[in-house]
file final_26.cif (mmCIF, C-alpha atoms)
data_input
#
loop_
_atom_site.group_PDB
_atom_site.id
_atom_site.type_symbol
_atom_site.label_atom_id
_atom_site.label_comp_id
_atom_site.auth_asym_id
_atom_site.auth_seq_id
_atom_site.Cartn_x
_atom_site.Cartn_y
_atom_site.Cartn_z
ATOM 1 C CA MET A 1 -16.640 2.428 21.331
ATOM 2 C CA PRO A 2 -13.571 2.876 23.543
ATOM 3 C CA ASP A 3 -11.394 5.928 23.024
ATOM 4 C CA ALA A 4 -8.328 5.710 20.838
ATOM 5 C CA LEU A 5 -4.908 5.557 22.393
ATOM 6 C CA PRO A 6 -2.563 8.502 21.808
ATOM 7 C CA ILE A 7 -0.636 8.141 18.560
ATOM 8 C CA PRO A 8 3.148 8.469 18.996
ATOM 9 C CA ALA A 9 5.326 10.030 16.294
ATOM 10 C CA ASP A 10 7.111 6.772 15.460
ATOM 11 C CA LEU A 11 3.760 5.093 14.747
ATOM 12 C CA LEU A 12 2.842 7.966 12.433
ATOM 13 C CA ASP A 13 6.133 7.402 10.607
ATOM 14 C CA LEU A 14 5.422 3.682 10.278
ATOM 15 C CA ARG A 15 1.934 4.366 8.934
ATOM 16 C CA ARG A 16 3.300 6.832 6.377
ATOM 17 C CA ALA A 17 5.904 4.258 5.325
ATOM 18 C CA ARG A 18 3.138 1.674 5.003
ATOM 19 C CA ASP A 19 1.072 4.040 2.869
ATOM 20 C CA GLY A 20 4.141 4.756 0.741
ATOM 21 C CA ALA A 21 4.792 1.050 0.230
ATOM 22 C CA TRP A 22 1.185 0.518 -0.867
ATOM 23 C CA ALA A 23 1.406 3.490 -3.234
ATOM 24 C CA GLU A 24 4.656 2.251 -4.755
ATOM 25 C CA LEU A 25 3.200 -1.218 -5.292
ATOM 26 C CA ASN A 26 -0.004 0.141 -6.839
ATOM 27 C CA ALA A 27 1.915 2.508 -9.115
ATOM 28 C CA TYR A 28 4.170 -0.313 -10.314
ATOM 29 C CA VAL A 29 1.226 -2.584 -11.088
ATOM 30 C CA ALA A 30 -0.524 0.214 -12.986
ATOM 31 C CA GLN A 31 2.684 0.979 -14.917
ATOM 32 C CA ILE A 32 3.249 -2.638 -15.944
ATOM 33 C CA GLU A 33 -0.396 -3.200 -16.834
ATOM 34 C CA ALA A 34 -0.348 -0.094 -19.050
ATOM 35 C CA LEU A 35 2.868 -1.259 -20.684
ATOM 36 C CA ARG A 36 1.449 -4.724 -21.314
ATOM 37 C CA ARG A 37 -1.761 -3.248 -22.803
ATOM 38 C CA GLU A 38 0.402 -1.134 -25.093
ATOM 39 C CA GLN A 39 2.556 -4.114 -26.124
ATOM 40 C CA TYR A 40 -0.426 -6.454 -26.591
ATOM 41 C CA PRO A 41 -3.436 -4.294 -27.460
ATOM 42 C CA ASP A 42 -5.565 -6.851 -29.292
ATOM 43 C CA PRO A 43 -8.450 -8.450 -27.387
ATOM 44 C CA GLU A 44 -7.124 -11.851 -28.467
ATOM 45 C CA GLN A 45 -3.869 -11.149 -26.609
ATOM 46 C CA THR A 46 -5.277 -11.146 -23.074
ATOM 47 C CA ASP A 47 -3.451 -14.361 -22.150
ATOM 48 C CA VAL A 48 -0.033 -13.095 -23.209
ATOM 49 C CA ARG A 49 -0.781 -9.641 -21.765
ATOM 50 C CA ALA A 50 -1.421 -11.193 -18.356
ATOM 51 C CA ARG A 51 1.977 -12.955 -18.325
ATOM 52 C CA TRP A 52 4.526 -10.582 -16.874
ATOM 53 C CA GLU A 53 8.220 -10.865 -17.658
ATOM 54 C CA PRO A 54 10.365 -12.604 -14.997
ATOM 55 C CA GLU A 55 12.032 -9.311 -14.018
ATOM 56 C CA GLN A 56 8.628 -7.696 -13.603
ATOM 57 C CA ARG A 57 7.377 -10.543 -11.425
ATOM 58 C CA GLU A 58 10.546 -10.362 -9.331
ATOM 59 C CA ARG A 59 10.081 -6.629 -8.743
ATOM 60 C CA LEU A 60 6.407 -7.218 -7.914
ATOM 61 C CA THR A 61 7.444 -9.804 -5.324
ATOM 62 C CA GLU A 62 9.924 -7.338 -3.801
ATOM 63 C CA LEU A 63 7.315 -4.587 -3.607
ATOM 64 C CA ARG A 64 4.767 -6.923 -2.056
ATOM 65 C CA ALA A 65 7.308 -8.035 0.554
ATOM 66 C CA ALA A 66 8.094 -4.400 1.391
ATOM 67 C CA ARG A 67 4.378 -3.646 1.680
ATOM 68 C CA ASP A 68 3.801 -6.671 3.907
ATOM 69 C CA ALA A 69 6.712 -5.727 6.162
ATOM 70 C CA ALA A 70 5.381 -2.176 6.471
ATOM 71 C CA VAL A 71 1.888 -3.435 7.324
ATOM 72 C CA LEU A 72 3.295 -5.746 9.995
ATOM 73 C CA ALA A 73 5.443 -2.972 11.445
ATOM 74 C CA VAL A 74 2.306 -0.901 12.065
ATOM 75 C CA ARG A 75 0.355 -3.835 13.487
ATOM 76 C CA ARG A 76 3.215 -4.870 15.766
ATOM 77 C CA HIS A 77 3.900 -1.387 17.111
ATOM 78 C CA PRO A 78 3.449 -1.381 20.909
ATOM 79 C CA THR A 79 0.607 1.149 20.699
ATOM 80 C CA MET A 80 -1.361 -1.033 18.286
ATOM 81 C CA VAL A 81 -0.651 -4.151 20.353
ATOM 82 C CA GLN A 82 -1.881 -2.320 23.445
ATOM 83 C CA ALA A 83 -4.951 -1.062 21.569
ATOM 84 C CA LEU A 84 -5.826 -4.611 20.575
ATOM 85 C CA ALA A 85 -5.405 -5.832 24.153
ATOM 86 C CA GLU A 86 -7.534 -2.975 25.522
ATOM 87 C CA GLY A 87 -10.308 -3.333 22.949
ATOM 88 C CA CYS A 88 -9.738 0.023 21.285
ATOM 89 C CA TRP A 89 -7.881 -1.129 18.200
ATOM 90 C CA ALA A 90 -10.539 0.124 15.754
ATOM 91 C CA ALA A 91 -10.665 3.576 17.333
ATOM 92 C CA THR A 92 -6.873 3.786 17.448
ATOM 93 C CA ASP A 93 -6.551 2.626 13.845
ATOM 94 C CA THR A 94 -9.115 5.224 12.765
ATOM 95 C CA ALA A 95 -7.258 7.941 14.692
ATOM 96 C CA LEU A 96 -4.014 6.822 13.046
ATOM 97 C CA PHE A 97 -5.652 6.981 9.623
ATOM 98 C CA HIS A 98 -6.911 10.520 10.228
ATOM 99 C CA ALA A 99 -3.575 11.624 11.671
ATOM 100 C CA THR A 100 -1.789 10.586 8.488
ATOM 101 C CA GLU A 101 -4.286 11.946 5.967
ATOM 102 C CA PRO A 102 -2.800 14.535 3.638
ATOM 103 C CA THR A 103 -3.608 18.093 4.599
ATOM 104 C CA PRO A 104 -5.757 19.705 1.915
ATOM 105 C CA GLU A 105 -4.285 22.659 0.107
ATOM 106 C CA PRO A 106 -5.827 25.947 1.234
ATOM 107 C CA ALA A 107 -8.261 27.485 -1.216
ATOM 108 C CA ASP A 108 -6.832 30.329 -3.267
ATOM 109 C CA ALA A 109 -8.060 33.534 -1.677
ATOM 110 C CA GLY A 110 -7.507 35.557 -4.867
#
call {"tool": "encode", "arguments": {"input": "final_26.cif", "output": "structure tokens"}}
result
Amino acid sequence: MPDALPIPADLLDLRRARDGAWAELNAYVAQIEALRREQYPDPEQTDVRARWEPEQRERLTELRAARDAAVLAVRRHPTMVQALAEGCWAATDTALFHATEPTPEPADAG
């Protein structure tokens, strides 16, 4: 596998924004699903539980659009475009993933 391209700081920022957009979308879906289960707890209410309110659907659409824009911003970054052209997209994407992983908290030495 070809080596990954160097990851510039602005690409790291875009990837973190992308991850944040995904997290916000996932959190919203989980919140609304929990609310709907609370409002309509009976097994016979699955149809009505699955129908979100118009305001909820509108917010979901907004969050999905923000997520999609963030995903495209990463994919269209010059480094990722170059990686695709040079056949090292997978390695570069993996390096980008590892570069944006949260740093684990140090173990308590007490």
call {"tool": "resolve_selection", "arguments": {"input": "final_26.cif", "expression": "the PyMOL selection byres ((chain A and resi 59-63) around 12)", "output": "list of chain:residue names"}}
result
A:Arg18, A:Gly20, A:Ala21, A:Trp22, A:Ala23, A:Glu24, A:Leu25, A:Asn26, A:Ala27, A:Tyr28, A:Val29, A:Ala30, A:Gln31, A:Ile32, A:Glu33, A:Trp52, A:Glu53, A:Pro54, A:Glu55, A:Gln56, A:Arg57, A:Glu58, A:Arg64, A:Ala65, A:Ala66, A:Arg67, A:Asp68, A:Ala69, A:Ala70
call {"tool": "resolve_selection", "arguments": {"input": "final_26.cif", "expression": "the PyMOL selection byres ((chain A and resi 2) around 10)", "output": "PyMOL selection string"}}
result
chain A and resi 1+3-5+83+86-92
call {"tool": "atom_distance", "arguments": {"input": "final_26.cif", "atom1": "CA of Asp19 in chain A", "atom2": "CA of Arg37 in chain A"}}
result
26.8 Å
call {"tool": "resolve_selection", "arguments": {"input": "final_26.cif", "expression": "the PyMOL selection byres ((chain A and resi 75) around 10)", "output": "list in words"}}
result
Leu11, Leu14, Arg15, Ala69, Ala70, Val71, Leu72, Ala73, Val74, Arg76, His77, Pro78, Thr79, Met80, Val81, Leu84, Trp89 and Asp93 of chain A
call {"tool": "atom_distance", "arguments": {"input": "final_26.cif", "atom1": "CA of Ala34 in chain A", "atom2": "CA of Arg16 in chain A"}}
result
26.6 Å
call {"tool": "residues_around", "arguments": {"input": "final_26.cif", "residues": "Arg49 in chain A", "least_positions_apart": "6", "cutoff": "8 Å", "atoms": "all atoms listed in the file", "output": "ChimeraX atom specification"}}
result
/A:36-37,39-40
call {"tool": "atom_distance", "arguments": {"input": "final_26.cif", "atom1": "CA of Phe97 in chain A", "atom2": "CA of Ala85 in chain A"}}
result
19.4 Å
call {"tool": "closest_residue", "arguments": {"input": "final_26.cif", "among": "A:Asp47, A:Leu96, A:Glu38, A:Glu101", "to": "Ala9 in chain A", "atoms": "all atoms listed in the file"}}
result
A:Leu96
call {"tool": "build_atoms", "arguments": {"input": "final_26.cif", "residues": "range 33-44 of chain A", "atoms": "N, CA and C atoms", "output": "short mmCIF file (atom, residue, chain, number, x, y, z; two decimals), keeping the file's coordinate frame"}}
result
data_model
loop_
_atom_site.label_atom_id
_atom_site.label_comp_id
_atom_site.auth_asym_id
_atom_site.auth_seq_id
_atom_site.Cartn_x
_atom_site.Cartn_y
_atom_site.Cartn_z
N GLU A 33 0.83 -2.88 -16.11
CA GLU A 33 -0.40 -3.20 -16.83
C GLU A 33 -0.57 -2.30 -18.05
N ALA A 34 -0.26 -1.01 -17.91
CA ALA A 34 -0.35 -0.09 -19.05
C ALA A 34 0.65 -0.48 -20.14
N LEU A 35 1.85 -0.83 -19.73
CA LEU A 35 2.87 -1.26 -20.68
C LEU A 35 2.42 -2.52 -21.42
N ARG A 36 1.89 -3.47 -20.69
CA ARG A 36 1.45 -4.72 -21.31
C ARG A 36 0.26 -4.48 -22.26
N ARG A 37 -0.65 -3.57 -21.90
CA ARG A 37 -1.76 -3.25 -22.80
C ARG A 37 -1.25 -2.59 -24.08
N GLU A 38 -0.20 -1.79 -23.93
CA GLU A 38 0.40 -1.13 -25.09
C GLU A 38 1.10 -2.17 -25.98
N GLN A 39 1.83 -3.10 -25.37
CA GLN A 39 2.56 -4.11 -26.12
C GLN A 39 1.62 -5.12 -26.78
N TYR A 40 0.51 -5.42 -26.12
CA TYR A 40 -0.43 -6.45 -26.59
C TYR A 40 -1.85 -5.90 -26.57
N PRO A 41 -2.16 -5.01 -27.51
CA PRO A 41 -3.44 -4.29 -27.46
C PRO A 41 -4.65 -5.09 -27.93
N ASP A 42 -4.43 -6.13 -28.72
CA ASP A 42 -5.56 -6.85 -29.29
C ASP A 42 -6.32 -7.64 -28.24
N PRO A 43 -7.65 -7.68 -28.35
CA PRO A 43 -8.45 -8.45 -27.39
C PRO A 43 -8.06 -9.93 -27.33
N GLU A 44 -7.54 -10.45 -28.44
CA GLU A 44 -7.12 -11.85 -28.47
C GLU A 44 -5.82 -12.08 -27.70
#
